[in-house]
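Data file: structure.csv. Format and content: CSV, C-alpha atoms.
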```csv
chain,number,residue,atom,x,y,z
A,1,MET,CA,86.6,115.4,169.9
A,2,ALA,CA,84.1,113.5,172.1
A,3,PHE,CA,80.3,113.8,171.4
A,4,ASP,CA,78.3,111.0,172.9
A,5,LEU,CA,75.7,109.4,170.7
A,6,PRO,CA,72.2,109.8,172.1
A,7,MET,CA,71.3,106.7,174.1
A,8,ARG,CA,68.1,106.0,172.1
A,9,ALA,CA,70.1,106.1,168.9
A,10,LYS,CA,72.8,103.8,170.3
A,11,LYS,CA,70.2,101.2,171.5
A,12,SER,CA,68.2,101.3,168.3
A,13,PHE,CA,71.4,100.8,166.2
A,14,ASN,CA,72.8,98.0,168.2
A,15,GLU,CA,69.5,96.1,168.2
A,16,ARG,CA,69.2,96.2,164.4
A,17,TRP,CA,72.6,96.6,162.7
A,18,ASN,CA,74.4,93.8,160.9
A,19,GLY,CA,77.3,94.1,158.4
A,20,GLY,CA,75.2,92.8,155.5
A,21,MET,CA,72.6,95.6,155.5
A,22,GLY,CA,74.7,98.2,153.7
A,23,ALA,CA,74.2,100.7,156.5
A,24,VAL,CA,76.5,103.0,158.5
A,25,ASP,CA,78.4,101.3,161.3
A,26,GLY,CA,79.4,102.6,164.8
A,27,PHE,CA,82.4,104.4,163.5
A,28,ASP,CA,80.4,106.1,160.8
A,29,LEU,CA,77.6,107.1,163.3
A,30,THR,CA,80.2,108.6,165.6
A,31,PHE,CA,81.5,110.7,162.7
A,32,ILE,CA,78.1,111.9,161.7
A,33,ASN,CA,77.1,112.6,165.3
A,34,ALA,CA,80.3,114.7,165.9
A,35,ILE,CA,79.3,116.9,162.9
A,36,ILE,CA,75.7,117.3,164.1
A,37,GLN,CA,76.6,118.0,167.7
A,38,ARG,CA,79.3,120.5,166.7
A,39,ASP,CA,77.6,122.3,163.8
A,40,LYS,CA,74.0,122.1,165.0
A,41,PRO,CA,72.4,121.7,161.6
A,42,LYS,CA,68.6,122.2,161.3
A,43,GLN,CA,68.2,121.2,157.6
A,44,VAL,CA,69.8,117.9,156.6
A,45,VAL,CA,69.7,116.2,153.2
A,46,GLU,CA,70.5,112.6,152.7
A,47,ILE,CA,71.3,111.1,149.3
A,48,GLY,CA,70.7,107.3,149.5
A,49,CYS,CA,68.2,106.2,152.1
A,50,ALA,CA,68.0,102.4,151.7
A,51,SER,CA,66.8,100.8,155.0
A,52,GLY,CA,66.5,104.3,156.6
A,53,MET,CA,69.0,103.3,159.4
A,54,SER,CA,71.1,106.5,159.0
A,55,THR,CA,68.0,108.6,158.4
A,56,ALA,CA,66.3,107.4,161.6
A,57,LEU,CA,69.4,107.8,163.7
A,58,MET,CA,70.2,111.2,162.4
A,59,SER,CA,66.7,112.3,163.4
A,60,LEU,CA,67.4,111.2,167.0
A,61,MET,CA,70.7,113.1,166.8
A,62,LEU,CA,68.9,116.2,165.7
A,63,ASP,CA,66.3,115.7,168.5
A,64,SER,CA,69.2,115.9,170.9
A,65,ILE,CA,70.0,119.5,169.7
A,66,GLY,CA,66.4,120.7,169.4
A,67,GLY,CA,65.1,119.0,166.3
A,68,GLY,CA,65.2,119.8,162.6
A,69,ARG,CA,64.3,118.4,159.2
A,70,ILE,CA,65.7,115.6,157.1
A,71,ASP,CA,64.9,115.2,153.4
A,72,SER,CA,66.1,111.8,152.2
A,73,TYR,CA,66.4,111.0,148.5
A,74,ASP,CA,66.6,107.5,147.0
A,75,LEU,CA,66.1,106.3,143.4
A,76,ALA,CA,64.5,103.0,144.6
A,77,GLN,CA,61.0,102.4,146.0
A,78,ASN,CA,62.0,99.3,147.9
A,79,TYR,CA,65.0,98.4,150.0
A,80,TYR,CA,67.6,96.7,147.8
A,81,VAL,CA,68.6,94.1,150.5
A,82,ASP,CA,65.0,93.1,151.2
A,83,PRO,CA,62.6,94.2,148.4
A,84,SER,CA,59.6,93.3,150.6
A,85,LYS,CA,60.4,96.4,152.6
A,86,LYS,CA,60.0,100.0,151.5
A,87,VAL,CA,63.0,102.3,151.3
A,88,GLY,CA,63.2,104.0,154.7
A,89,TYR,CA,61.2,101.5,156.6
A,90,LEU,CA,63.4,101.8,159.7
A,91,VAL,CA,62.3,105.4,160.1
A,92,ASP,CA,58.9,104.3,161.2
A,93,GLU,CA,60.4,101.7,163.5
A,94,ILE,CA,63.0,103.8,165.2
A,95,ALA,CA,61.9,107.5,164.9
A,96,GLN,CA,58.2,107.5,164.9
A,97,GLN,CA,58.1,109.7,168.0
A,98,SER,CA,60.9,112.0,166.8
A,99,LYS,CA,60.3,115.7,166.8
A,100,THR,CA,62.5,116.0,163.7
A,101,VAL,CA,60.5,116.0,160.4
A,102,VAL,CA,61.6,113.3,158.0
A,103,ASP,CA,60.5,113.4,154.4
A,104,ILE,CA,61.6,110.4,152.2
A,105,HIS,CA,61.6,111.2,148.5
A,106,ARG,CA,61.4,107.8,146.8
A,107,GLY,CA,62.2,107.6,143.1
A,108,HIS,CA,64.4,110.7,143.3
A,109,THR,CA,68.1,111.4,143.4
A,110,ALA,CA,70.6,114.3,144.0
A,111,VAL,CA,69.8,115.5,140.5
A,112,ASP,CA,66.3,116.3,141.7
A,113,VAL,CA,67.2,118.3,144.8
A,114,GLY,CA,67.5,121.7,143.2
A,115,GLU,CA,64.3,121.5,141.3
A,116,SER,CA,62.2,122.2,144.4
A,117,TRP,CA,64.7,123.6,146.8
A,118,ASP,CA,63.9,126.9,148.5
A,119,PRO,CA,67.1,129.1,148.4
A,120,ALA,CA,65.9,130.7,151.6
A,121,ARG,CA,66.2,127.3,153.4
A,122,PRO,CA,69.9,126.3,152.8
A,123,ILE,CA,71.1,122.9,153.6
A,124,ASP,CA,73.2,122.7,156.7
A,125,PHE,CA,74.5,119.2,156.3
A,126,CYS,CA,74.4,116.6,153.5
A,127,PHE,CA,75.1,112.9,153.9
A,128,ILE,CA,75.8,111.0,150.6
A,129,ASP,CA,75.5,107.3,150.6
A,130,ALA,CA,74.1,106.3,147.2
A,131,SER,CA,75.8,104.7,144.3
A,132,HIS,CA,79.6,104.3,144.9
A,133,GLN,CA,80.4,103.7,141.3
A,134,HIS,CA,82.5,106.5,139.8
A,135,PRO,CA,81.5,109.3,139.0
A,136,TRP,CA,78.2,109.1,140.9
A,137,PRO,CA,79.6,110.4,144.3
A,138,LEU,CA,81.1,113.3,142.4
A,139,ILE,CA,77.9,114.0,140.5
A,140,ASP,CA,75.9,113.8,143.7
A,141,THR,CA,78.2,116.2,145.4
A,142,LEU,CA,78.3,118.8,142.6
A,143,CYS,CA,74.5,118.6,142.2
A,144,VAL,CA,73.8,119.2,145.9
A,145,MET,CA,76.6,121.6,146.9
A,146,PRO,CA,75.0,124.8,145.4
A,147,TYR,CA,72.2,124.4,148.0
A,148,VAL,CA,74.4,123.9,151.0
A,149,ARG,CA,75.2,126.9,153.1
A,150,PRO,CA,78.8,128.2,153.0
A,151,GLY,CA,80.7,126.3,155.7
A,152,GLY,CA,78.2,123.4,155.6
A,153,LEU,CA,79.6,119.8,155.2
A,154,LEU,CA,78.8,117.2,152.6
A,155,ALA,CA,79.8,113.8,154.1
A,156,GLN,CA,80.6,110.8,152.0
A,157,HIS,CA,80.2,107.1,153.0
A,158,ASP,CA,82.3,104.1,152.1
A,159,LEU,CA,85.6,105.7,151.3
A,160,MET,CA,87.3,102.4,152.0
A,161,MET,CA,85.2,100.3,149.7
A,162,TYR,CA,87.7,100.6,146.9
A,163,ILE,CA,90.0,98.1,148.6
A,164,ASP,CA,87.2,95.4,148.8
A,165,LYS,CA,87.8,92.9,146.0
A,166,THR,CA,84.1,92.0,146.0
A,167,ASN,CA,83.1,95.7,145.2
A,168,LYS,CA,85.5,96.4,142.3
A,169,LEU,CA,83.3,99.1,140.8
A,170,ALA,CA,82.8,101.0,144.1
A,171,ILE,CA,85.7,103.4,143.6
A,172,GLY,CA,83.7,106.6,143.5
A,173,PRO,CA,84.2,107.9,147.1
A,174,LYS,CA,88.0,107.3,146.8
A,175,MET,CA,88.1,109.0,143.4
A,176,LEU,CA,86.3,112.0,144.9
A,177,PHE,CA,88.4,112.1,148.1
A,178,ASP,CA,91.6,112.3,146.0
A,179,GLN,CA,90.4,115.5,144.3
A,180,VAL,CA,89.4,117.4,147.5
A,181,PRO,CA,91.7,120.3,148.3
A,182,GLN,CA,93.2,119.9,151.8
A,183,ARG,CA,91.6,123.1,153.1
A,184,ASP,CA,88.1,121.8,152.2
A,185,LEU,CA,88.6,118.3,153.6
A,186,VAL,CA,87.3,117.0,156.9
A,187,THR,CA,88.7,113.5,157.7
A,188,PHE,CA,87.4,110.9,160.0
A,189,ASN,CA,90.4,111.1,162.3
A,190,SER,CA,90.0,114.9,162.6
A,191,LEU,CA,86.7,114.4,164.5
A,192,VAL,CA,86.8,110.9,165.9
A,193,ASP,CA,89.3,108.9,168.0
A,194,PRO,CA,88.6,105.4,166.7
A,195,SER,CA,89.9,103.9,170.0
A,196,LYS,CA,87.2,105.6,171.9
A,197,VAL,CA,84.2,104.4,169.9
A,198,GLU,CA,82.7,102.3,172.6
A,199,GLY,CA,79.4,100.4,173.0
A,200,LEU,CA,78.6,100.4,169.2
A,201,ARG,CA,78.8,97.6,166.7
A,202,THR,CA,81.4,98.3,164.0
A,203,ARG,CA,83.1,96.8,161.0
A,204,LYS,CA,86.8,95.9,161.4
A,205,PHE,CA,88.1,99.2,160.1
A,206,ALA,CA,87.5,102.9,160.8
A,207,GLY,CA,88.0,105.9,158.6
A,208,ASN,CA,85.2,104.9,156.1
A,209,MET,CA,83.9,108.5,155.9
A,210,PHE,CA,85.1,112.0,155.1
A,211,ALA,CA,83.4,115.3,154.5
A,212,ILE,CA,83.9,118.3,152.2
A,213,LYS,CA,83.4,121.8,153.5
A,214,ARG,CA,81.4,124.0,151.1
A,215,PRO,CA,83.4,127.2,150.5
A,216,PRO,CA,81.8,130.6,150.0
A,217,GLN,CA,82.4,130.5,146.2
A,218,LEU,CA,81.7,127.4,144.2
A,219,ALA,CA,84.2,128.0,141.3
A,220,ARG,CA,87.4,126.9,143.0
A,221,ILE,CA,85.9,123.7,144.6
A,222,GLY,CA,84.0,122.9,141.5
A,223,LEU,CA,87.1,123.0,139.3
A,224,ALA,CA,89.1,121.0,141.7
A,225,LEU,CA,86.5,118.2,142.2
A,226,SER,CA,85.7,118.1,138.5
A,227,ARG,CA,89.1,116.7,137.7
A,228,GLY,CA,87.7,113.4,138.7
A,229,PHE,CA,85.6,113.3,135.5
A,230,TYR,CA,88.8,112.6,133.6
A,231,LEU,CA,89.5,109.5,135.6
A,232,PRO,CA,88.1,106.1,134.4
A,233,TRP,CA,84.4,105.8,135.1
A,234,SER,CA,83.3,102.5,136.8
A,235,VAL,CA,79.5,102.6,136.1
A,236,ALA,CA,78.1,99.1,135.5
A,237,GLN,CA,75.1,100.4,133.6
A,238,PRO,CA,75.1,103.4,131.2
A,239,ILE,CA,73.9,106.6,132.7
A,240,PRO,CA,70.7,107.5,130.9
A,241,GLU,CA,71.0,110.4,128.4
A,242,ASP,CA,68.2,112.4,130.0
A,243,VAL,CA,70.1,112.2,133.3
A,244,LEU,CA,73.4,113.4,131.7
A,245,ILE,CA,71.5,116.3,130.2
A,246,ARG,CA,70.1,117.3,133.5
A,247,VAL,CA,73.4,117.0,135.3
A,248,GLU,CA,75.0,119.1,132.6
A,249,ALA,CA,72.4,121.8,133.0
A,250,ILE,CA,73.0,121.9,136.8
A,251,LEU,CA,76.8,122.2,136.3
A,252,ARG,CA,76.3,124.9,133.7
A,253,ARG,CA,74.0,126.9,136.0
A,254,HIS,CA,76.3,126.9,139.1
A,255,TYR,CA,79.9,126.3,138.0
A,256,PRO,CA,82.5,127.7,135.7
A,257,LYS,CA,82.8,126.4,132.1
A,258,GLY,CA,85.8,124.2,133.0
A,259,VAL,CA,83.5,122.0,135.2
A,260,VAL,CA,81.1,121.5,132.3
A,261,GLN,CA,84.0,120.8,130.0
A,262,ALA,CA,85.4,118.2,132.3
A,263,PHE,CA,82.0,116.5,132.6
A,264,ASN,CA,81.6,116.4,128.8
A,265,ASP,CA,85.1,115.2,128.2
A,266,GLY,CA,84.5,112.4,130.7
A,267,ILE,CA,81.4,111.4,128.8
A,268,GLU,CA,83.3,111.5,125.5
A,269,ARG,CA,86.2,109.5,127.0
A,270,TYR,CA,84.4,106.8,128.9
A,271,HIS,CA,80.8,106.3,127.7
A,272,GLY,CA,82.1,103.8,125.1
A,273,MET,CA,83.5,101.6,128.0
A,274,SER,CA,80.1,101.4,129.7
A,275,GLY,CA,78.2,100.9,126.5
A,276,LEU,CA,76.6,104.3,126.6
A,277,THR,CA,75.5,105.8,123.3
A,278,LEU,CA,73.9,109.2,123.1
A,279,LYS,CA,71.5,110.0,120.3
A,280,HIS,CA,73.2,113.3,119.4
A,281,GLY,CA,76.8,112.5,120.5
A,282,TYR,CA,78.2,113.7,123.7
A,283,LEU,CA,77.0,116.9,125.3
A,284,PRO,CA,78.3,120.1,123.6
A,285,PRO,CA,81.1,121.8,125.6
A,286,SER,CA,80.6,125.4,126.8
```

The structure given in the file should be rewritten as structure tokens.
Amino acid sequence: MAFDLPMRAKKSFNERWNGGMGAVDGFDLTFINAIIQRDKPKQVVEIGCASGMSTALMSLMLDSIGGGRIDSYDLAQNYYVDPSKKVGYLVDEIAQQSKTVVDIHRGHTAVDVGESWDPARPIDFCFIDASHQHPWPLIDTLCVMPYVRPGGLLAQHDLMMYIDKTNKLAIGPKMLFDQVPQRDLVTFNSLVDPSKVEGLRTRKFAGNMFAIKRPPQLARIGLALSRGFYLPWSVAQPIPEDVLIRVEAILRRHYPKGVVQAFNDGIERYHGMSGLTLKHGYLPPS
């Protein structure tokens, strides 16, 4: 499937991208652009903004189909590679004249999305590129998916990071990928021919992204994905108790009891490994 990246986006990307900035590369951009050009989303949510490279370039992609809105969430206030810069600083550099509205929610994560989301304004496309430690990509996906329209896609970055020996904890996207039912999975190669990604700076490998299609009912997909909670967690720092409680509440609100049970069992099984201690023990099962 061939969808040309808007020329402004291509030029802005090539002028700024380098492999050390933790941003999407040319292969990834081509995958995201194929989704945007094909599905024509108007409301996009991003989890993990960092420099704002993907945020800014998605705004230019949306401009090419008539504009839209991006809400980007990032726990940090400053860009982790260069703390002298604010999270999302490239949005002002690249997309200041974009007709797409961009709102950066610093100090917020996927857990916060549903607290203020208007059900009358469903998410058309979600791009997740936050913590890659397991089970964060799974948590982010389950927290946002209830607000995505049926048929909308949730794309995950850095699928291939698990093979990088310098990122031994970044196994979350792969753990999630392995739980996705085939009928709900959109692979990189199903949308992009890597040999035809021309004129863009890239890493040495393609296939670093995949997407999950949001089915009409959440029960089946939720139960399938939640099996990942039973696999060893790779968090370097304990997940705070208040965050676990909030995640549990989201899962309880939108998914079957089996999803909540898997989450609680994962906490009971793995929080000792990460040094996590909860004041009242692990969260009670449904």

*Interatomic distance between atom CA of A:Asp265 and atom CA of A:Pro150?*
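Taking atom CA of A:Asp265 and atom CA of A:Pro150, their separation equals 28.7 Å.
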
Shortest contact to A:Arg16, candidates A:Arg214, A:Ala130, A:Arg201, A:Leu154, atoms counted all atoms listed in the file, goes to A:Arg201

Might you pull out every residue within 8 Å of A:Arg8, with all atoms listed in the file counted and same-chain residues fewer than 3 positions away left off, and present them as a list in words?
->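 Answer for this query is Lys11, Ser12 and Leu60 of chain A.
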
**OP:** Give me the residues within 9 Å of A:Val91 as an NGL selection string, counting only C-alpha atoms and dropping any in the same chain fewer than 6 places off.
**Re:** :A and (51-57 or 59 or 102)

Using all atoms listed in the file, I'd like a table of the residues in stretch 188-254 of chain A that come within 10 Å of stretch 112-120 of chain A; for each, show the closest atom pair and its distance in Å rounded to one decimal, ordered by chain and ascending number, as a tab-separated table.
```
residue	atom	partner	partner_atom	distance
A:Arg246	CA	A:Asp112	CA	9.1
A:Val247	CA	A:Asp112	CA	9.6
A:Ile250	CA	A:Gly114	CA	8.4
```

Counting all atoms listed in the file, the option among A:Met21, A:Ile163, A:Leu153, A:Ile245 closest to A:Leu185: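 Selected residue with least distance to A:Leu185: A:Leu153.
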
With 12 Å as the cut-off and all atoms listed in the file counted, what is the closest atom pair between each nearby residue of stretch 124-231 of chain A and stretch 68-72 of chain A? Distances in Å to one decimal, ordered by chain and number, as JSON lines.
```
{"residue": "A:Asp124", "atom": "CA", "partner": "A:Arg69", "partner_atom": "CA", "distance": 10.2}
{"residue": "A:Phe125", "atom": "CA", "partner": "A:Ile70", "partner_atom": "CA", "distance": 9.5}
{"residue": "A:Cys126", "atom": "CA", "partner": "A:Ile70", "partner_atom": "CA", "distance": 9.5}
{"residue": "A:Phe127", "atom": "CA", "partner": "A:Ser72", "partner_atom": "CA", "distance": 9.2}
{"residue": "A:Ile128", "atom": "CA", "partner": "A:Ser72", "partner_atom": "CA", "distance": 9.9}
{"residue": "A:Asp129", "atom": "CA", "partner": "A:Ser72", "partner_atom": "CA", "distance": 10.5}
{"residue": "A:Ala130", "atom": "CA", "partner": "A:Ser72", "partner_atom": "CA", "distance": 10.9}
```

Item to complete: Find the spatial neighbours of A:Phe27, counting only C-alpha atoms, within a cut-off of 8 Å - ignore same-chain residues fewer than 2 positions away - and output them as a list in words.
Response: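 Residues near the query, excluding close chain neighbours: Val24, Asp25, Leu29, Thr30, Phe31, Pro194, Val197, Leu200, Thr202, Ala206, Gly207 and Asn208 of chain A.
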
| Minimum-distance residue to A:Ile171, chosen among A:Lys196, A:Gly222, A:Val111, A:Ala236 (using only C-alpha atoms) |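 Among the listed residues, A:Ala236 lies closest to A:Ile171.
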
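Using all atoms listed in the file, the smallest distance between any of A:Ala9, A:Ala249, A:Leu218, A:Ala76 and A:Arg106 comes from A:Ala76.
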
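Restricting the calculation to all atoms listed in the file, the smallest distance between A:Glu268 and any of A:Gly88, A:Gln133, A:Arg253, A:Tyr230 is found for A:Tyr230.
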
*asked:* Please list, as a PyMOL selection string, the residues that have an atom at most 6 Å away from (82.7, 114.2, 155.8) in the coordinates of this file, counting all atoms listed in the file.
replied: chain A and resi 154-156+186+209-212

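Near A:Val144, within 8 Å and counting only C-alpha atoms, sit Ala110, Val111, Val113, Gly114, Asp140, Thr141, Leu142, Pro146, Tyr147 and Val148 of chain A, not including residues fewer than 2 positions from it in the same chain.
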
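For the residues A:Lys10, A:His132, A:His254, A:Arg149, ranking by smallest atom-to-atom distance to A:Gly172 using all atoms listed in the file places A:His132 first.
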